[in-house]
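Visitor: Just one file: run_10.cif, with mmCIF, C-alpha atoms and all ligand atoms.
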```
data_final
#
loop_
_atom_site.label_atom_id
_atom_site.label_comp_id
_atom_site.auth_asym_id
_atom_site.auth_seq_id
_atom_site.Cartn_x
_atom_site.Cartn_y
_atom_site.Cartn_z
CA ALA A 3 136.48 103.90 76.47
CA THR A 4 133.33 105.89 76.98
CA PRO A 5 130.72 103.14 76.48
CA THR A 6 132.60 100.73 78.75
CA ALA A 7 132.91 103.27 81.53
CA LEU A 8 129.21 104.02 81.25
CA MET A 9 128.33 100.35 81.43
CA VAL A 10 130.49 99.94 84.50
CA GLY A 11 128.74 102.92 86.01
CA THR A 12 125.27 101.65 85.28
CA GLY A 13 126.16 98.05 86.17
CA ARG A 14 127.43 99.08 89.59
CA GLY A 15 124.37 101.31 89.76
CA ALA A 16 122.08 98.34 89.29
CA GLN A 17 123.89 96.55 92.12
CA LEU A 18 123.28 99.54 94.37
CA GLY A 19 119.63 99.59 93.36
CA ILE A 20 119.91 102.59 91.04
CA LEU A 21 118.44 102.65 87.53
CA ILE A 22 119.70 105.39 85.21
CA LYS A 23 117.61 106.44 82.18
CA GLY A 24 120.49 107.44 79.94
CA PRO A 25 124.13 108.49 79.89
CA GLU A 26 123.26 112.20 79.54
CA VAL A 27 122.04 112.05 83.13
CA LEU A 28 125.58 111.58 84.42
CA GLU A 29 126.76 115.02 83.32
CA THR A 30 124.04 116.75 85.37
CA THR A 31 125.17 115.15 88.61
CA ARG A 32 128.33 117.23 88.52
CA ARG A 33 126.39 120.51 88.62
CA VAL A 34 123.63 119.85 91.15
CA ASP A 35 124.10 121.86 94.34
CA THR A 36 120.63 121.64 95.89
CA ILE A 37 118.49 118.59 96.62
CA VAL A 38 114.76 118.98 97.23
CA LEU A 39 113.28 116.11 99.24
CA ASP A 40 109.58 115.32 99.29
CA LYS A 41 108.55 114.41 102.84
CA THR A 42 105.85 111.74 102.75
CA GLY A 43 107.06 108.47 101.23
CA THR A 44 110.55 109.83 100.54
CA VAL A 45 112.02 110.94 103.88
CA THR A 46 109.28 109.15 105.84
CA THR A 47 107.95 105.64 105.20
CA GLY A 48 104.60 106.94 103.96
CA ARG A 49 102.94 104.15 105.92
CA MET A 50 100.60 106.30 107.95
CA GLU A 51 98.73 105.06 110.99
CA LEU A 52 95.73 106.45 112.80
CA ARG A 53 97.04 107.36 116.26
CA ASP A 54 94.18 109.19 117.97
CA VAL A 55 90.65 110.54 117.66
CA ILE A 56 89.70 113.75 119.45
CA ALA A 57 85.96 114.35 119.18
CA ALA A 58 84.36 117.74 119.82
CA GLU A 59 82.11 118.19 122.85
CA GLY A 60 79.02 115.98 122.42
CA GLU A 61 80.30 114.02 119.41
CA ASP A 62 80.62 110.24 119.36
CA GLU A 63 84.09 108.95 118.37
CA ASP A 64 82.71 105.82 116.70
CA GLU A 65 80.34 107.87 114.55
CA VAL A 66 83.27 110.13 113.57
CA LEU A 67 85.30 107.08 112.53
CA ARG A 68 82.39 105.51 110.67
CA LEU A 69 81.71 108.57 108.50
CA ALA A 70 85.33 109.66 108.02
CA GLY A 71 86.49 106.07 107.42
CA ALA A 72 83.75 105.47 104.84
CA LEU A 73 84.84 108.47 102.81
CA GLU A 74 88.59 107.84 103.11
CA HIS A 75 88.05 104.22 102.08
CA ALA A 76 87.39 105.56 98.56
CA SER A 77 90.75 107.40 98.38
CA GLU A 78 94.22 105.96 97.74
CA HIS A 79 96.07 108.70 99.65
CA PRO A 80 98.32 107.22 102.41
CA ILE A 81 96.49 109.31 105.01
CA ALA A 82 93.13 108.09 103.69
CA GLN A 83 94.20 104.46 103.95
CA ALA A 84 95.40 105.00 107.52
CA VAL A 85 92.05 106.51 108.48
CA ALA A 86 90.00 103.81 106.70
CA ILE A 87 91.99 100.94 108.22
CA GLY A 88 92.02 102.50 111.71
CA ALA A 89 88.28 103.15 111.50
CA ALA A 90 87.43 99.65 110.26
CA GLU A 91 89.50 98.10 113.07
CA ARG A 92 87.49 99.99 115.62
CA VAL A 93 83.95 100.20 114.26
CA GLY A 94 83.82 97.29 111.81
CA ALA A 95 82.17 97.50 108.39
CA LEU A 96 82.05 100.99 106.84
CA PRO A 97 79.12 102.23 104.74
CA ALA A 98 79.68 102.96 101.03
CA PRO A 99 79.61 106.72 100.30
CA GLU A 100 76.73 107.93 98.11
CA ASP A 101 79.07 110.53 96.62
CA PHE A 102 82.83 111.04 96.76
CA ALA A 103 85.49 113.44 95.46
CA ASN A 104 89.21 113.81 96.06
CA VAL A 105 90.37 117.38 96.69
CA PRO A 106 94.11 117.09 95.88
CA GLY A 107 96.37 118.48 98.59
CA LEU A 108 93.41 119.16 100.87
CA GLY A 109 91.41 115.98 101.54
CA VAL A 110 88.17 114.33 100.53
CA GLN A 111 84.52 115.29 100.44
CA GLY A 112 81.31 113.36 99.83
CA ILE A 113 78.01 112.06 101.13
CA VAL A 114 77.82 109.24 103.69
CA ASP A 115 74.49 108.10 105.17
CA GLY A 116 72.95 111.33 103.90
CA HIS A 117 75.54 113.54 105.64
CA ALA A 118 77.78 115.96 103.69
CA VAL A 119 81.18 114.92 105.04
CA LEU A 120 84.60 116.61 104.75
CA VAL A 121 87.90 115.04 105.86
CA GLY A 122 91.21 116.84 105.47
CA ARG A 123 93.14 120.02 106.19
CA THR A 124 91.42 122.86 108.03
CA ARG A 125 91.84 124.77 104.76
CA LEU A 126 89.32 122.37 103.20
CA LEU A 127 86.82 123.16 105.96
CA GLU A 128 87.48 126.90 105.53
CA GLN A 129 86.43 126.61 101.89
CA TRP A 130 83.01 125.71 103.27
CA ALA A 131 83.22 128.43 105.96
CA ILE A 132 83.51 125.83 108.71
CA GLU A 133 85.74 126.79 111.66
CA LEU A 134 87.32 124.54 114.26
CA PRO A 135 85.94 125.11 117.77
CA ALA A 136 88.56 125.98 120.42
CA ASP A 137 88.89 122.42 121.78
CA LEU A 138 89.58 121.00 118.31
CA ALA A 139 91.96 123.83 117.40
CA ARG A 140 93.91 122.99 120.55
CA ALA A 141 93.96 119.27 119.65
CA ARG A 142 95.24 120.14 116.19
CA ASN A 143 98.03 122.36 117.55
CA ASP A 144 99.10 119.70 120.07
CA ALA A 145 99.25 117.02 117.35
CA GLU A 146 101.30 119.19 115.00
CA ALA A 147 103.68 120.34 117.71
CA GLY A 148 104.38 116.63 118.25
CA GLY A 149 105.07 116.06 114.55
CA ARG A 150 101.79 114.28 113.85
CA THR A 151 99.43 115.31 111.05
CA ALA A 152 96.04 116.59 112.23
CA ILE A 153 93.08 115.80 109.98
CA ALA A 154 89.80 117.60 110.56
CA VAL A 155 86.42 115.89 110.19
CA ALA A 156 83.24 117.86 109.55
CA TRP A 157 79.73 117.06 108.45
CA ASP A 158 76.57 119.01 107.80
CA GLY A 159 78.36 122.33 108.29
CA ALA A 160 80.12 121.69 111.62
CA ALA A 161 83.57 120.46 112.63
CA ARG A 162 83.20 117.22 114.62
CA ALA A 163 86.67 115.88 115.36
CA VAL A 164 90.39 115.93 114.78
CA LEU A 165 92.17 112.71 113.80
CA GLU A 166 95.88 112.27 114.40
CA VAL A 167 97.87 110.32 111.85
CA ALA A 168 101.60 109.81 111.68
CA ASP A 169 104.20 107.84 109.82
CA ALA A 170 107.79 107.27 110.80
CA VAL A 171 110.98 108.78 109.42
CA LYS A 172 112.87 106.04 107.54
CA PRO A 173 115.79 104.81 109.65
CA THR A 174 118.20 105.59 106.77
CA SER A 175 117.06 109.17 106.06
CA ALA A 176 119.32 111.03 108.52
CA GLU A 177 122.43 109.23 107.29
CA ALA A 178 121.41 109.87 103.68
CA ILE A 179 121.13 113.60 104.36
CA THR A 180 124.57 113.66 106.02
CA ARG A 181 126.00 111.96 102.92
CA LEU A 182 124.25 114.33 100.51
CA ARG A 183 125.66 117.27 102.42
CA ALA A 184 129.14 115.74 102.26
CA LEU A 185 128.73 115.75 98.45
CA GLY A 186 128.20 119.51 98.62
CA LEU A 187 124.41 119.51 98.24
CA THR A 188 122.03 121.66 100.28
CA PRO A 189 118.98 119.56 101.34
CA ILE A 190 115.54 121.21 101.31
CA LEU A 191 112.41 119.49 102.66
CA LEU A 192 109.25 120.06 100.57
CA THR A 193 105.76 119.00 101.58
CA GLY A 194 102.07 119.71 101.36
CA ASP A 195 101.83 118.91 105.04
CA ASN A 196 101.68 121.42 107.84
CA ARG A 197 104.74 123.54 108.74
CA ALA A 198 104.97 122.26 112.33
CA VAL A 199 104.96 118.62 111.15
CA ALA A 200 107.50 119.42 108.43
CA GLU A 201 109.81 121.11 110.95
CA ALA A 202 109.56 118.17 113.36
CA VAL A 203 110.59 115.78 110.56
CA ALA A 204 113.36 118.15 109.39
CA HIS A 205 114.73 118.28 112.92
CA GLU A 206 114.73 114.49 113.15
CA VAL A 207 116.80 114.09 109.99
CA GLY A 208 119.14 117.01 110.62
CA ILE A 209 117.78 119.64 108.24
CA ASP A 210 117.96 123.14 109.73
CA ALA A 211 114.53 124.74 109.26
CA SER A 212 115.95 128.27 108.98
CA GLY A 213 116.94 129.93 105.70
CA GLY A 214 114.06 128.48 103.67
CA ARG A 215 115.23 124.88 103.96
CA VAL A 216 111.78 123.64 105.00
CA ILE A 217 109.05 124.49 102.48
CA ALA A 218 105.65 123.36 103.80
CA GLU A 219 101.94 123.65 102.99
CA VAL A 220 102.68 123.58 99.25
CA MET A 221 99.76 122.54 97.06
CA PRO A 222 100.52 119.57 94.76
CA GLN A 223 100.45 121.69 91.57
CA ASP A 224 102.80 124.26 93.15
CA LYS A 225 105.71 121.89 93.88
CA VAL A 226 107.03 122.45 90.35
CA ASP A 227 107.09 126.23 90.98
CA VAL A 228 109.25 125.71 94.07
CA VAL A 229 111.81 123.91 91.88
CA LYS A 230 111.60 126.67 89.23
CA ARG A 231 112.10 129.37 91.86
CA LEU A 232 115.23 127.66 93.18
CA GLN A 233 116.53 127.37 89.60
CA ASP A 234 115.79 131.09 89.06
CA GLU A 235 117.99 131.78 92.09
CA GLY A 236 120.80 130.17 90.10
CA ARG A 237 120.75 126.79 91.80
CA SER A 238 121.09 123.50 89.97
CA VAL A 239 118.37 121.35 91.51
CA ALA A 240 118.00 117.63 92.16
CA MET A 241 114.60 116.50 93.40
CA VAL A 242 113.64 113.22 95.08
CA GLY A 243 109.98 112.20 95.19
CA ASP A 244 107.56 109.32 95.10
CA GLY A 245 104.08 110.66 94.47
CA VAL A 246 101.87 111.59 91.53
CA ASN A 247 102.13 115.06 93.13
CA ASP A 248 105.88 115.05 92.60
CA ALA A 249 105.94 114.11 88.90
CA ALA A 250 105.96 117.64 87.44
CA ALA A 251 108.63 118.78 89.91
CA LEU A 252 110.77 115.71 89.11
CA ALA A 253 110.55 116.53 85.40
CA GLN A 254 111.38 120.20 86.01
CA ALA A 255 114.39 119.47 88.22
CA ASP A 256 117.84 119.33 86.63
CA LEU A 257 118.08 115.83 88.07
CA GLY A 258 114.90 113.93 89.02
CA LEU A 259 115.25 110.96 91.34
CA ALA A 260 112.17 108.76 91.83
CA MET A 261 111.60 106.36 94.69
CA GLY A 262 111.15 102.89 93.17
CA THR A 263 108.59 102.22 95.92
CA GLY A 264 106.52 105.16 94.67
CA THR A 265 104.02 105.75 91.89
CA ASP A 266 104.55 105.01 88.18
CA ALA A 267 104.02 108.70 87.42
CA ALA A 268 107.04 109.64 89.56
CA ILE A 269 109.20 106.87 88.07
CA GLU A 270 108.33 107.94 84.52
CA ALA A 271 109.13 111.59 85.29
CA GLY A 272 112.50 110.89 86.94
CA ASP A 273 115.95 110.56 85.36
CA LEU A 274 116.97 108.00 87.95
CA THR A 275 115.08 105.44 90.01
CA LEU A 276 116.13 104.51 93.54
CA VAL A 277 114.79 100.96 93.37
CA ARG A 278 114.70 100.17 97.08
CA GLY A 279 113.22 103.45 98.21
CA ASP A 280 116.26 104.08 100.40
CA LEU A 281 117.31 107.75 100.31
CA ARG A 282 120.97 106.77 100.80
CA ALA A 283 120.88 105.54 97.19
CA ALA A 284 120.43 109.21 96.12
CA ALA A 285 123.88 109.97 97.56
CA ASP A 286 125.29 106.74 96.08
CA ALA A 287 123.88 107.63 92.67
CA ILE A 288 125.39 111.12 92.60
CA ARG A 289 128.76 109.92 93.91
CA LEU A 290 128.84 106.99 91.46
CA ALA A 291 127.82 109.14 88.48
CA ARG A 292 130.46 111.76 89.28
CA ARG A 293 133.09 109.06 89.64
CA THR A 294 132.03 107.39 86.37
CA LEU A 295 132.47 110.75 84.63
CA SER A 296 135.97 111.24 85.98
CA THR A 297 136.81 107.71 84.71
CA ILE A 298 135.64 108.68 81.21
CA LYS A 299 137.49 111.98 81.11
P1 LIG B 1 102.81 115.42 100.68
O1 LIG B 1 103.27 116.65 99.95
O2 LIG B 1 103.43 115.37 102.05
O3 LIG B 1 103.12 114.15 99.90
P2 LIG B 1 99.87 115.84 99.93
O4 LIG B 1 100.14 117.01 99.02
O5 LIG B 1 99.38 114.60 99.29
O6 LIG B 1 101.17 115.52 100.91
O7 LIG B 1 98.79 116.28 101.01
C1 LIG B 1 98.97 117.45 101.75
C2 LIG B 1 98.06 117.47 102.97
O8 LIG B 1 96.67 117.46 102.57
C3 LIG B 1 98.22 116.27 103.87
O9 LIG B 1 99.27 116.40 104.78
C4 LIG B 1 96.85 116.25 104.56
O10 LIG B 1 96.83 117.18 105.61
C5 LIG B 1 95.89 116.71 103.48
N1 LIG B 1 95.27 115.57 102.74
C6 LIG B 1 95.48 115.21 101.45
N2 LIG B 1 94.72 114.16 101.11
C7 LIG B 1 94.03 113.79 102.22
C8 LIG B 1 93.06 112.78 102.52
N3 LIG B 1 92.64 111.88 101.62
N4 LIG B 1 92.57 112.73 103.78
C9 LIG B 1 92.96 113.62 104.70
N5 LIG B 1 93.86 114.59 104.48
C10 LIG B 1 94.38 114.70 103.26
MG MG B 2 105.24 111.92 98.79
#
```
What is this file in structure tokens?

Guide:
Amino acid sequence: ATPTALMVGTGRGAQLGILIKGPEVLETTRRVDTIVLDKTGTVTTGRMELRDVIAAEGEDEDEVLRLAGALEHASEHPIAQAVAIGAAERVGALPAPEDFANVPGLGVQGIVDGHAVLVGRTRLLEQWAIELPADLARARNDAEAGGRTAIAVAWDGAARAVLEVADAVKPTSAEAITRLRALGLTPILLTGDNRAVAEAVAHEVGIDASGGRVIAEVMPQDKVDVVKRLQDEGRSVAMVGDGVNDAAALAQADLGLAMGTGTDAAIEAGDLTLVRGDLRAAADAIRLARRTLSTIK
């Protein structure tokens, strides 16, 4: 009866928009007690928009957008696309950078119109010993307190502006988290984004930020260590993610669930694919797999 039960399980899974790599995956679903959720693109839509530009004293907003937009145009990061599109809408054609590099988890750097430009986290600016002046630090804190991501812009050794970008929590995320909890799983939010933004999103979807359930400001290469640490604590860990950044963590997790709307790297690393990118399918998958197992036994 085993093969039939498995086929029923995977057939129903396909209907629900769940692709399972192999039958051995089912067994794991019984053990998992913790579910790590990537924020951007998993709990949120990942469709970022440029919401505001706050220029430092004496700086021109259009010039900020021209230089920052030009550099971000060369990056595929969701934040970069939001900045490039928002900039192009406002200032028109953007110059091509003379030099460009991605700094994973931090931002971008390069040369535009002869200026050495940085766009990203304040940590990126700190690497070049550039500090935010008080007015920009205040703008950054206000943005983050409101759950928006603050992106700093600097060129030629000075911070020039803060850009606010934000995406929306998916309308199905809160319900998904309620369902995952009902299955006995502890949800943990994991992100490279700022702690204040992460906590605002956690609050919106009903994850209590106390007790280490919001893990923020994690560099892309360190996400896998977060999963390992939880496993070392004796937890059996499921992880849901969509990005290239999530691939190693998805592979490390006892059960890796990839958003079908995400990158190929994530889909290849996962044990399961949630085809429609709806987090509720994570709960469906675990419930269905557990039920399929009890049918076999
Ligand atoms: P997440 O873990 O939420 O998927 P990332 O690890 O990709 O996010 O990025 C972490 C943070 O680094 C972002 O929230 C942003 O502040 C900054 N960052 C990364 N890439 C860029 C970029 N191209 N432009 C501006 N900021 C960036
Ligand atoms: Mg992501």

Visitor: Can you tell me which residues surround Ala200 of chain A at a distance of at most 8 Å, considering all atoms listed in the file, apart from same-chain residues fewer than 3 positions away, and format the answer as a short mmCIF file (atom, residue, chain, number, x, y, z; two decimals) with C-alpha atoms, in the coordinates of the input?

Guide:
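Okay, this is what ended up in result.cif:
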```cif
data_model
loop_
_atom_site.label_atom_id
_atom_site.label_comp_id
_atom_site.auth_asym_id
_atom_site.auth_seq_id
_atom_site.Cartn_x
_atom_site.Cartn_y
_atom_site.Cartn_z
CA LYS A 41 108.55 114.41 102.84
CA GLY A 149 105.07 116.06 114.55
CA LEU A 191 112.41 119.49 102.66
CA THR A 193 105.76 119.00 101.58
CA ASP A 195 101.83 118.91 105.04
CA ASN A 196 101.68 121.42 107.84
CA ARG A 197 104.74 123.54 108.74
CA VAL A 203 110.59 115.78 110.56
CA ALA A 204 113.36 118.15 109.39
CA VAL A 216 111.78 123.64 105.00
CA ILE A 217 109.05 124.49 102.48
CA ALA A 218 105.65 123.36 103.80
#
```

Visitor: One decimal, in Å: what's the spacing between atom CA of Ala154 of chain A and atom CA of Val121 of chain A?

Guide: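 That distance, rounded to one decimal, is 5.7 Å.
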
Visitor: When distances are computed from all atoms listed in the file, which of A:Pro135, A:Gly107, A:Gly88, A:Gly186 shows the smallest separation from ligand MG 2 (chain B)?

Guide: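 Using all atoms listed in the file, the shortest distance to ligand MG 2 (chain B) belongs to A:Gly107.
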
Visitor: Ligand LIG 1 (chain B): which residues are within 9 Å, counting only C-alpha atoms and all ligand atoms, as a VMD selection string?

Guide: chain A and resid 40 to 44 48 70 73 to 83 85 104 to 111 120 to 124 126 151 to 155 192 to 196 199 to 200 218 to 223 225 243 to 248

Visitor: Smallest atom-to-atom distance to Glu65 of chain A: which of A:Arg49, A:Arg92, A:Arg142, A:Arg14, using all atoms listed in the file?

Guide: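 Under the stated criterion, the closest residue is A:Arg92.
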
Visitor: Just give me the gap between atom CA of Gly71 of chain A and atom CA of Ile87 of chain A in Å, one decimal is fine.

Guide: 7.6 Å

Visitor: Ranking A:Met241, A:Ala98, A:Ala156, A:Ala283 by minimum distance to ligand MG 2 (chain B) and counting all atoms listed in the file, which one comes first?

Guide: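 Selected residue with least distance to ligand MG 2 (chain B): A:Met241.
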
Visitor: Go ahead and compute the interatomic distance for atom CA of Arg68 of chain A and atom CA of Thr47 of chain A, in Å to one decimal.

Guide: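 About the pair atom CA of Arg68 of chain A and atom CA of Thr47 of chain A: they are 26.1 Å apart.
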
Visitor: Given only C-alpha atoms and all ligand atoms as the basis, pick out the residue of A:Thr46, A:Ser212, A:Gln129, A:Asn143 nearest to ligand MG 2 (chain B).

Guide: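 Residue with the minimum atom-to-atom distance to ligand MG 2 (chain B): A:Thr46.
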
Visitor: Between A:Trp157, A:Arg150, A:Leu127, A:Gly236, which has the minimum distance to Leu69 of chain A (counting only C-alpha atoms)?

Guide: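 Distance minimum relative to Leu69 of chain A lands on A:Trp157.
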
Visitor: Measuring between all atoms listed in the file, which one of A:Asp169, A:Glu128, A:Asp227, A:Asp144 shows the shortest distance to ligand MG 2 (chain B)?

Guide: A:Asp169

Visitor: Around segment 68-81 of chain A, with edges along x, y and z and 6 Å added on all six sides, what centre and edge lengths do you get, in Å to one decimal, as lines of an AutoDock Vina configuration file?

Guide:
```
center_x = 90.0
center_y = 106.9
center_z = 104.2
size_x = 28.6
size_y = 17.4
size_z = 24.9
```

Visitor: Grab segment 223-240 of chain A from that structure and dump N, CA and C atoms to a file, as a compact mmCIF listing (two decimals), in the first residue's frame.

Guide:
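Result file follows (decode-v8.txt):
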```
# COMPACT_ATOMS: atom_id res chain seq x y z
N GLN A 223 25.57 34.81 4.56
CA GLN A 223 26.33 33.56 4.78
C GLN A 223 26.12 33.00 6.19
N ASP A 224 25.52 33.80 7.08
CA ASP A 224 25.34 33.35 8.47
C ASP A 224 23.97 32.74 8.73
N LYS A 225 23.07 32.78 7.75
CA LYS A 225 21.73 32.21 7.96
C LYS A 225 21.82 30.72 8.27
N VAL A 226 22.74 30.04 7.59
CA VAL A 226 22.91 28.60 7.80
C VAL A 226 23.34 28.31 9.24
N ASP A 227 24.15 29.21 9.83
CA ASP A 227 24.60 29.01 11.22
C ASP A 227 23.45 29.16 12.20
N VAL A 228 22.49 30.02 11.87
CA VAL A 228 21.32 30.17 12.73
C VAL A 228 20.56 28.84 12.78
N VAL A 229 20.40 28.20 11.61
CA VAL A 229 19.71 26.91 11.57
C VAL A 229 20.50 25.87 12.36
N LYS A 230 21.83 25.84 12.17
CA LYS A 230 22.68 24.88 12.91
C LYS A 230 22.55 25.08 14.41
N ARG A 231 22.56 26.34 14.83
CA ARG A 231 22.48 26.64 16.27
C ARG A 231 21.18 26.10 16.86
N LEU A 232 20.08 26.31 16.13
CA LEU A 232 18.78 25.82 16.60
C LEU A 232 18.79 24.29 16.67
N GLN A 233 19.44 23.66 15.70
CA GLN A 233 19.55 22.19 15.71
C GLN A 233 20.39 21.73 16.89
N ASP A 234 21.47 22.49 17.20
CA ASP A 234 22.32 22.15 18.34
C ASP A 234 21.56 22.25 19.67
N GLU A 235 20.53 23.12 19.67
CA GLU A 235 19.69 23.23 20.87
C GLU A 235 18.72 22.05 20.98
N GLY A 236 18.77 21.16 20.01
CA GLY A 236 17.93 19.96 20.05
C GLY A 236 16.63 20.11 19.27
N ARG A 237 16.51 21.22 18.52
CA ARG A 237 15.28 21.39 17.74
C ARG A 237 15.40 20.68 16.40
N SER A 238 14.25 20.30 15.86
CA SER A 238 14.19 19.78 14.51
C SER A 238 13.59 20.91 13.67
N VAL A 239 14.36 21.38 12.67
CA VAL A 239 14.09 22.68 12.06
C VAL A 239 13.59 22.59 10.62
N ALA A 240 12.45 23.22 10.38
CA ALA A 240 12.00 23.47 9.01
C ALA A 240 12.39 24.91 8.68
```
